[in-house]
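K.L.:
My structure file my_file.cif, mmCIF, C-alpha atoms and all ligand atoms, is below:
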data_upload
#
loop_
_atom_site.label_atom_id
_atom_site.label_comp_id
_atom_site.auth_asym_id
_atom_site.auth_seq_id
_atom_site.Cartn_x
_atom_site.Cartn_y
_atom_site.Cartn_z
CA MET Q 95 0.00 0.00 0.00
CA SER Q 96 1.45 3.39 -0.86
CA LEU Q 97 1.28 5.79 2.07
CA THR Q 98 -1.14 8.06 0.32
CA GLU Q 99 -3.50 5.17 -0.38
CA ILE Q 100 -3.30 4.04 3.28
CA GLU Q 101 -3.95 7.59 4.43
CA ARG Q 102 -6.94 7.96 2.13
CA LEU Q 103 -8.33 4.59 3.19
CA GLN Q 104 -7.85 5.37 6.87
CA ALA Q 105 -9.59 8.70 6.52
CA LEU Q 106 -12.40 7.69 4.19
CA LEU Q 107 -13.22 4.04 4.90
CA PRO Q 108 -15.26 4.88 8.04
CA VAL Q 109 -17.15 7.56 6.08
CA TRP Q 110 -17.94 5.17 3.21
CA VAL Q 111 -19.00 2.44 5.67
CA GLU Q 112 -21.47 4.84 7.30
CA SER Q 113 -22.90 6.02 3.97
CA SER Q 114 -23.31 2.43 2.67
CA ARG Q 115 -24.75 1.32 6.03
CA GLN Q 116 -27.86 3.43 5.25
CA LEU Q 117 -28.81 0.81 2.64
CA CYS Q 118 -29.13 -1.96 5.25
CA ALA Q 119 -32.71 -0.88 5.95
CA ASP Q 120 -33.66 -1.74 2.34
CA GLY Q 121 -32.60 -5.41 2.60
CA LYS Q 122 -33.37 -8.48 4.72
CA THR Q 123 -31.31 -11.08 6.57
CA ALA Q 124 -31.52 -14.62 5.16
CA SER Q 125 -34.39 -16.46 6.82
CA TYR Q 126 -34.50 -19.81 5.00
CA ILE Q 127 -31.72 -20.82 7.43
CA PRO Q 128 -33.59 -19.74 10.61
CA GLU Q 129 -30.46 -19.05 12.66
CA LEU Q 130 -29.21 -16.51 10.07
CA ALA Q 131 -32.38 -14.44 10.50
CA LYS Q 132 -30.97 -13.40 13.92
CA SER Q 133 -27.96 -11.62 12.33
CA PRO Q 134 -27.78 -7.86 12.99
CA LEU Q 135 -29.55 -6.17 10.05
CA GLY Q 136 -27.71 -2.84 10.40
CA ALA Q 137 -24.16 -4.23 10.67
CA LEU Q 138 -21.48 -3.42 8.10
CA GLY Q 139 -17.75 -4.05 8.43
CA ILE Q 140 -14.66 -4.33 6.24
CA HIS Q 141 -11.02 -5.39 6.60
CA ILE Q 142 -8.39 -4.75 3.90
CA MET Q 143 -4.95 -6.41 4.11
CA ASP Q 144 -1.83 -5.97 2.00
CA ALA Q 145 1.21 -8.18 1.34
CA LYS Q 146 3.26 -6.56 4.10
CA GLY Q 147 0.60 -7.33 6.69
CA HIS Q 148 -0.75 -3.75 6.84
CA SER Q 149 -4.41 -3.87 7.74
CA ILE Q 150 -7.16 -1.30 7.71
CA SER Q 151 -10.62 -2.01 9.03
CA ALA Q 152 -13.80 -0.04 9.63
CA GLY Q 153 -17.31 -0.56 10.96
CA ASP Q 154 -18.29 -3.94 12.41
CA ALA Q 155 -15.22 -5.80 11.13
CA GLU Q 156 -15.02 -7.85 14.35
CA LEU Q 157 -18.49 -9.37 13.84
CA SER Q 158 -18.45 -13.19 13.61
CA PHE Q 159 -20.37 -14.67 10.70
CA THR Q 160 -20.48 -18.00 8.87
CA MET Q 161 -18.69 -18.45 5.55
CA GLN Q 162 -21.73 -19.93 3.74
CA SER Q 163 -21.07 -19.79 0.00
CA ILE Q 164 -17.64 -18.15 0.43
CA SER Q 165 -16.48 -21.60 1.55
CA LYS Q 166 -17.36 -22.97 -1.91
CA VAL Q 167 -14.24 -21.29 -3.36
CA PHE Q 168 -12.03 -23.29 -1.00
CA SER Q 169 -13.92 -26.59 -1.25
CA LEU Q 170 -13.47 -26.27 -5.02
CA ILE Q 171 -9.73 -25.62 -4.61
CA LEU Q 172 -9.28 -28.57 -2.22
CA ALA Q 173 -11.28 -30.85 -4.55
CA LEU Q 174 -8.97 -29.77 -7.41
CA MET Q 175 -5.89 -30.43 -5.26
CA ASP Q 176 -7.29 -33.86 -4.29
CA ASN Q 177 -8.50 -34.98 -7.74
CA GLY Q 178 -7.15 -32.76 -10.55
CA GLU Q 179 -9.15 -30.91 -13.20
CA THR Q 180 -10.37 -33.87 -15.28
CA ILE Q 181 -12.26 -35.57 -12.44
CA VAL Q 182 -13.66 -32.31 -11.03
CA PHE Q 183 -14.96 -31.05 -14.40
CA ASP Q 184 -16.52 -34.42 -15.08
CA LYS Q 185 -18.89 -33.60 -12.18
CA VAL Q 186 -19.45 -29.83 -12.56
CA GLY Q 187 -19.48 -27.43 -15.51
CA MET Q 188 -17.80 -24.08 -16.08
CA GLU Q 189 -20.72 -21.84 -17.01
CA PRO Q 190 -22.86 -19.27 -15.15
CA THR Q 191 -26.58 -20.08 -14.90
CA GLY Q 192 -28.28 -16.69 -14.68
CA ASP Q 193 -30.56 -18.33 -12.07
CA ASN Q 194 -30.73 -18.11 -8.27
CA PHE Q 195 -27.97 -19.88 -6.34
CA ASN Q 196 -30.36 -22.59 -5.11
CA SER Q 197 -32.28 -23.10 -8.36
CA MET Q 198 -32.81 -26.64 -9.69
CA LEU Q 199 -34.18 -25.38 -12.97
CA LYS Q 200 -31.26 -26.15 -15.26
CA LEU Q 201 -30.27 -29.50 -13.75
CA GLU Q 202 -32.67 -31.39 -16.00
CA LEU Q 203 -31.96 -29.37 -19.11
CA VAL Q 204 -28.47 -30.67 -19.89
CA GLN Q 205 -27.01 -34.08 -20.63
CA PRO Q 206 -25.19 -35.32 -18.61
CA SER Q 207 -27.11 -33.79 -15.67
CA ILE Q 208 -24.14 -32.10 -13.99
CA PRO Q 209 -24.48 -28.73 -12.21
CA PHE Q 210 -23.52 -25.74 -14.36
CA ASN Q 211 -20.70 -24.57 -12.05
CA PRO Q 212 -19.15 -25.29 -8.63
CA LEU Q 213 -20.43 -22.08 -6.96
CA ILE Q 214 -24.17 -22.73 -7.18
CA ASN Q 215 -25.53 -24.96 -4.40
CA ALA Q 216 -25.92 -28.04 -6.62
CA GLY Q 217 -22.34 -27.65 -7.88
CA ALA Q 218 -20.87 -27.12 -4.41
CA ILE Q 219 -22.71 -30.21 -3.12
CA ALA Q 220 -21.16 -32.22 -5.98
CA ILE Q 221 -17.76 -30.77 -5.04
CA SER Q 222 -18.23 -31.78 -1.38
CA SER Q 223 -18.44 -35.40 -2.50
CA LEU Q 224 -14.99 -35.08 -4.12
CA ILE Q 225 -13.11 -34.06 -0.96
CA ALA Q 226 -10.71 -36.89 -0.04
CA GLY Q 227 -11.26 -38.76 3.25
CA GLU Q 228 -12.47 -42.09 4.63
CA ASN Q 229 -15.69 -40.69 6.13
CA PRO Q 230 -17.58 -37.37 6.41
CA SER Q 231 -15.77 -36.27 9.55
CA GLU Q 232 -12.35 -36.88 7.99
CA LYS Q 233 -13.40 -34.94 4.87
CA SER Q 234 -14.77 -32.07 6.97
CA ASN Q 235 -11.66 -32.01 9.14
CA ARG Q 236 -9.40 -31.79 6.09
CA LEU Q 237 -11.47 -28.89 4.76
CA LEU Q 238 -11.44 -27.11 8.13
CA GLU Q 239 -7.65 -27.55 8.41
CA PHE Q 240 -7.28 -26.16 4.89
CA LEU Q 241 -9.35 -23.08 5.81
CA ARG Q 242 -7.24 -22.63 8.97
CA LEU Q 243 -4.07 -22.76 6.86
CA ILE Q 244 -5.29 -20.25 4.28
CA SER Q 245 -6.69 -17.85 6.92
CA ASN Q 246 -3.58 -18.24 9.11
CA ASN Q 247 -6.00 -18.79 11.99
CA SER Q 248 -5.71 -22.15 13.75
CA LYS Q 249 -8.78 -21.33 15.84
CA LEU Q 250 -11.33 -21.31 12.98
CA SER Q 251 -14.23 -23.57 13.88
CA TYR Q 252 -17.91 -24.25 13.23
CA ASP Q 253 -20.89 -22.25 14.39
CA HIS Q 254 -22.84 -25.29 15.61
CA ASP Q 255 -26.15 -23.41 15.87
CA VAL Q 256 -26.00 -22.35 12.21
CA TYR Q 257 -24.86 -25.83 11.17
CA ARG Q 258 -27.83 -27.48 12.93
CA SER Q 259 -30.25 -24.83 11.71
CA GLU Q 260 -29.21 -25.37 8.08
CA SER Q 261 -29.12 -29.16 8.37
CA ASP Q 262 -32.63 -29.20 9.91
CA SER Q 263 -34.18 -26.95 7.27
CA ALA Q 264 -32.35 -27.89 4.04
CA ASN Q 265 -35.25 -29.42 2.12
CA LEU Q 266 -34.24 -27.79 -1.15
CA ASN Q 267 -30.54 -28.74 -0.94
CA ARG Q 268 -31.56 -32.27 0.09
CA SER Q 269 -33.82 -32.66 -2.93
CA MET Q 270 -31.04 -31.41 -5.23
CA ALA Q 271 -28.55 -33.80 -3.68
CA TYR Q 272 -30.87 -36.81 -4.12
CA PHE Q 273 -31.44 -35.77 -7.73
CA LEU Q 274 -27.66 -35.59 -8.29
CA LYS Q 275 -27.21 -39.00 -6.66
CA ASP Q 276 -29.78 -40.46 -9.04
CA LYS Q 277 -27.86 -39.02 -11.99
CA GLY Q 278 -24.57 -40.52 -10.80
CA VAL Q 279 -22.99 -37.14 -9.96
CA LEU Q 280 -22.52 -37.77 -6.21
CA ASN Q 281 -20.20 -40.39 -4.78
CA GLY Q 282 -21.24 -42.10 -1.53
CA SER Q 283 -24.15 -41.49 0.82
CA VAL Q 284 -26.22 -38.37 0.11
CA GLU Q 285 -26.56 -37.49 3.80
CA ASP Q 286 -22.79 -37.84 4.29
CA VAL Q 287 -22.10 -35.50 1.36
CA LEU Q 288 -24.62 -32.98 2.70
CA ASP Q 289 -23.01 -33.11 6.13
CA VAL Q 290 -19.63 -32.12 4.63
CA TYR Q 291 -21.36 -29.30 2.71
CA PHE Q 292 -23.32 -27.93 5.73
CA ARG Q 293 -20.18 -28.02 7.86
CA HIS Q 294 -18.03 -25.97 5.53
CA CYS Q 295 -20.85 -23.46 5.07
CA SER Q 296 -21.01 -23.03 8.88
CA VAL Q 297 -17.34 -22.20 9.52
CA SER Q 298 -17.30 -19.05 11.66
CA VAL Q 299 -15.00 -16.17 10.62
CA ASN Q 300 -14.59 -12.41 10.85
CA CYS Q 301 -13.56 -9.88 8.17
CA ALA Q 302 -9.83 -10.25 8.96
CA ASP Q 303 -10.02 -14.03 8.36
CA ILE Q 304 -11.69 -13.47 5.00
CA ALA Q 305 -9.19 -10.73 4.06
CA GLN Q 306 -6.29 -13.09 4.85
CA MET Q 307 -7.84 -15.87 2.71
CA ALA Q 308 -8.41 -13.36 -0.10
CA LEU Q 309 -4.80 -12.17 0.14
CA VAL Q 310 -3.57 -15.70 -0.64
CA LEU Q 311 -5.78 -15.69 -3.77
CA ALA Q 312 -4.56 -12.17 -4.64
CA TYR Q 313 -0.99 -13.57 -4.63
CA ASN Q 314 -1.82 -16.61 -6.79
CA GLY Q 315 -1.82 -19.11 -3.95
CA LYS Q 316 1.18 -17.79 -2.03
CA ASN Q 317 1.01 -16.39 1.47
CA PRO Q 318 2.91 -13.15 0.74
CA LEU Q 319 3.84 -12.79 4.42
CA THR Q 320 5.69 -16.14 4.57
CA GLY Q 321 6.42 -16.77 0.87
CA GLU Q 322 4.85 -20.24 1.19
CA GLN Q 323 2.94 -21.52 -1.88
CA LEU Q 324 -0.25 -22.87 -0.28
CA ILE Q 325 -2.29 -23.52 -3.45
CA PRO Q 326 -1.05 -24.34 -6.99
CA ARG Q 327 -1.31 -21.22 -9.16
CA ARG Q 328 -3.50 -22.96 -11.77
CA TYR Q 329 -6.20 -23.77 -9.19
CA VAL Q 330 -6.25 -20.17 -7.95
CA GLN Q 331 -6.66 -19.08 -11.58
CA ILE Q 332 -9.67 -21.41 -11.94
CA ALA Q 333 -11.20 -20.22 -8.63
CA LYS Q 334 -10.75 -16.51 -9.46
CA THR Q 335 -12.27 -16.98 -12.91
CA PHE Q 336 -15.36 -18.59 -11.37
CA MET Q 337 -15.50 -15.71 -8.87
CA ILE Q 338 -15.71 -13.26 -11.79
CA THR Q 339 -18.30 -15.23 -13.78
CA CYS Q 340 -20.41 -16.76 -10.96
CA GLY Q 341 -19.17 -15.45 -7.58
CA MET Q 342 -22.05 -13.04 -7.02
CA TYR Q 343 -24.57 -15.47 -8.50
CA ASN Q 344 -27.00 -13.99 -10.98
CA ALA Q 345 -25.66 -10.53 -10.13
CA SER Q 346 -22.13 -11.42 -11.28
CA GLY Q 347 -22.41 -9.48 -14.55
CA GLU Q 348 -23.59 -6.32 -12.80
CA PHE Q 349 -20.88 -6.70 -10.13
CA ALA Q 350 -18.22 -7.14 -12.86
CA ILE Q 351 -19.37 -3.88 -14.45
CA GLN Q 352 -19.73 -1.88 -11.21
CA VAL Q 353 -16.75 -3.29 -9.24
CA GLY Q 354 -14.68 -5.38 -11.66
CA LEU Q 355 -12.93 -7.57 -9.06
CA PRO Q 356 -13.12 -11.33 -8.30
CA ALA Q 357 -15.54 -11.81 -5.40
CA LYS Q 358 -17.60 -14.44 -3.63
CA SER Q 359 -20.61 -13.73 -1.46
CA GLY Q 360 -22.48 -15.77 1.15
CA VAL Q 361 -26.02 -15.55 2.54
CA SER Q 362 -24.63 -14.62 5.96
CA GLY Q 363 -23.74 -11.29 4.30
CA GLY Q 364 -20.03 -11.98 3.89
CA ILE Q 365 -18.10 -11.06 0.74
CA LEU Q 366 -14.55 -12.12 -0.07
CA SER Q 367 -12.92 -9.91 -2.70
CA LEU Q 368 -9.40 -9.05 -3.79
CA VAL Q 369 -7.30 -6.70 -5.86
CA PRO Q 370 -4.87 -9.04 -7.67
CA GLY Q 371 -1.27 -8.64 -6.52
CA ARG Q 372 -2.31 -6.01 -3.98
CA TYR Q 373 -5.06 -6.57 -1.41
CA GLY Q 374 -7.25 -9.16 0.27
CA ILE Q 375 -10.67 -7.81 1.32
CA GLY Q 376 -13.24 -9.19 3.77
CA VAL Q 377 -16.67 -7.56 4.08
CA VAL Q 378 -19.73 -8.36 6.19
CA GLY Q 379 -23.20 -6.87 6.02
CA PRO Q 380 -26.01 -9.36 6.79
CA SER Q 381 -28.78 -7.32 5.15
CA LEU Q 382 -29.17 -8.92 1.71
CA ASN Q 383 -30.57 -7.69 -1.59
CA ARG Q 384 -33.04 -9.79 -3.63
CA LYS Q 385 -30.26 -11.85 -5.19
CA GLY Q 386 -28.78 -12.86 -1.81
CA ASN Q 387 -25.75 -10.51 -1.79
CA SER Q 388 -24.96 -8.03 1.01
CA ILE Q 389 -26.76 -4.84 0.00
CA ALA Q 390 -24.40 -2.47 1.85
CA GLY Q 391 -21.32 -4.63 1.23
CA VAL Q 392 -21.80 -4.43 -2.54
CA SER Q 393 -22.28 -0.65 -2.30
CA LEU Q 394 -19.06 -0.29 -0.27
CA LEU Q 395 -17.06 -2.31 -2.81
CA GLU Q 396 -18.52 -0.20 -5.63
CA ILE Q 397 -17.33 2.97 -3.90
CA LEU Q 398 -13.84 1.57 -3.24
CA SER Q 399 -13.38 0.31 -6.79
CA ARG Q 400 -14.50 3.64 -8.23
CA GLU Q 401 -12.42 5.81 -5.88
CA PHE Q 402 -9.19 3.78 -6.31
CA ASP Q 403 -9.75 2.64 -9.91
CA TRP Q 404 -9.46 -1.03 -8.89
CA SER Q 405 -11.55 -2.55 -11.70
CA LEU Q 406 -9.59 -5.08 -13.75
CA PHE Q 407 -11.46 -4.06 -16.88
O1 LIG Q 501 -26.72 -23.96 0.88
C1 LIG Q 501 -27.08 -22.84 1.21
O2 LIG Q 501 -28.15 -22.37 0.83
C2 LIG Q 501 -26.17 -22.02 2.08
N1 LIG Q 501 -25.42 -22.86 2.97
C3 LIG Q 501 -25.18 -21.24 1.25
C4 LIG Q 501 -25.84 -20.36 0.21
C5 LIG Q 501 -25.15 -19.08 -0.01
O3 LIG Q 501 -24.38 -18.59 0.76
C6 LIG Q 501 -25.54 -18.37 -1.24
N2 LIG Q 501 -25.07 -17.03 -1.21
N3 LIG Q 501 -25.35 -16.07 -1.70
#
Can you dump the structure from the file as structure tokens?
P.N.:
Amino acid sequence: MSLTEIERLQALLPVWVESSRQLCADGKTASYIPELAKSPLGALGIHIMDAKGHSISAGDAELSFTMQSISKVFSLILALMDNGETIVFDKVGMEPTGDNFNSMLKLELVQPSIPFNPLINAGAIAISSLIAGENPSEKSNRLLEFLRLISNNSKLSYDHDVYRSESDSANLNRSMAYFLKDKGVLNGSVEDVLDVYFRHCSVSVNCADIAQMALVLAYNGKNPLTGEQLIPRRYVQIAKTFMITCGMYNASGEFAIQVGLPAKSGVSGGILSLVPGRYGIGVVGPSLNRKGNSIAGVSLLEILSREFDWSLF
């Protein structure tokens, strides 16, 4: 970070957080996972980290939230590290859907019946079945350890209330998973696969954890603070491309035009974004717009991208 950019961020980030926070009243917390409905509607926080470990945060950056769909980026990467590209792309496609993240609409429209991409729910459930391990708990533990490594936080763990709440109410994801099992997309027991999926969605983080994970992606798989290559560059390239084309679901095109950075959102209101070769960014704002993305978080990223000319395009 150049000093002037740090100074501008330090001075203006709290101002931009407060102006974007006004939008929270126009959205809603996710309620289809009952526990998420309790999230604070008016919260908004951000943490930005650079390669030298400089960090700037503003608003409710300390708030704990669950990774939800942000975890799909890392389950995809671990599945690629465990299996390679050929096996993974035999089970999921590479194209955006233009539909909601939990839509089943297109599953029956293609032959073979594989999910369009690994970031929609159906695709991420298929990916969960590709994580290596003898049983669901070994698979989940490997994924949790991987998230701890990438976030440089050995204390990351599950929010058990959110996990149970999702597992108890996941009729739609369950029906998708049984459909995928019927079509030969899922390996093993459907309930075991779903358990791995619900667990990684319920990993509890704050904005600094997400910014640290994003920083590793911003440096093509290397932790810039230690120089250690944690993820092969090719798999980061695949993950970042999906983040551009599908990371904000059926708002990915609009986000690419307004912000122009790789990003992945979750229904808890989290957003992971990054400026390649420069910054990792973690945002939380549980009030969601109609497409399931943080209403104030998207606004804040739009302001930042515009003010600092961060768009890749
Ligand atoms: O499966 C679900 O519906 C949630 N565990 C994750 C969905 C999600 O985060 C979509 N985000 N916008």
K.L.:
Quick one: residues within 10 Å of ligand LIG 501 (chain Q), with all atoms listed in the file, as a count of residues only?
P.N.:
53
K.L.:
Closest to Tyr373 (chain Q) among Q:Gln306, Q:Ser259, Q:Gln331, Q:Gln205, using all atoms listed in the file?
P.N.:
Q:Gln306
K.L.:
For Glu112 (chain Q), which residue among Q:Ile225, Q:Ala137, Q:Met270, Q:Ile325 is the nearest when counting all atoms listed in the file?
P.N.:
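Among Q:Ile225, Q:Ala137, Q:Met270, Q:Ile325, it is Q:Ala137 that comes nearest to Glu112 (chain Q).
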K.L.:
Restricting the calculation to only C-alpha atoms, which member of Q:Asp289, Q:Glu348, Q:Glu322, Q:Asp255 is positioned closest to Lys132 (chain Q)?
P.N.:
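Comparing Q:Asp289, Q:Glu348, Q:Glu322, Q:Asp255 against Lys132 (chain Q), the winner is Q:Asp255.
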K.L.:
Q:Ser283, Q:Ser393, Q:Thr191, Q:Ser381: which is nearest Ser133 (chain Q), counting only C-alpha atoms?
P.N.:
Q:Ser381
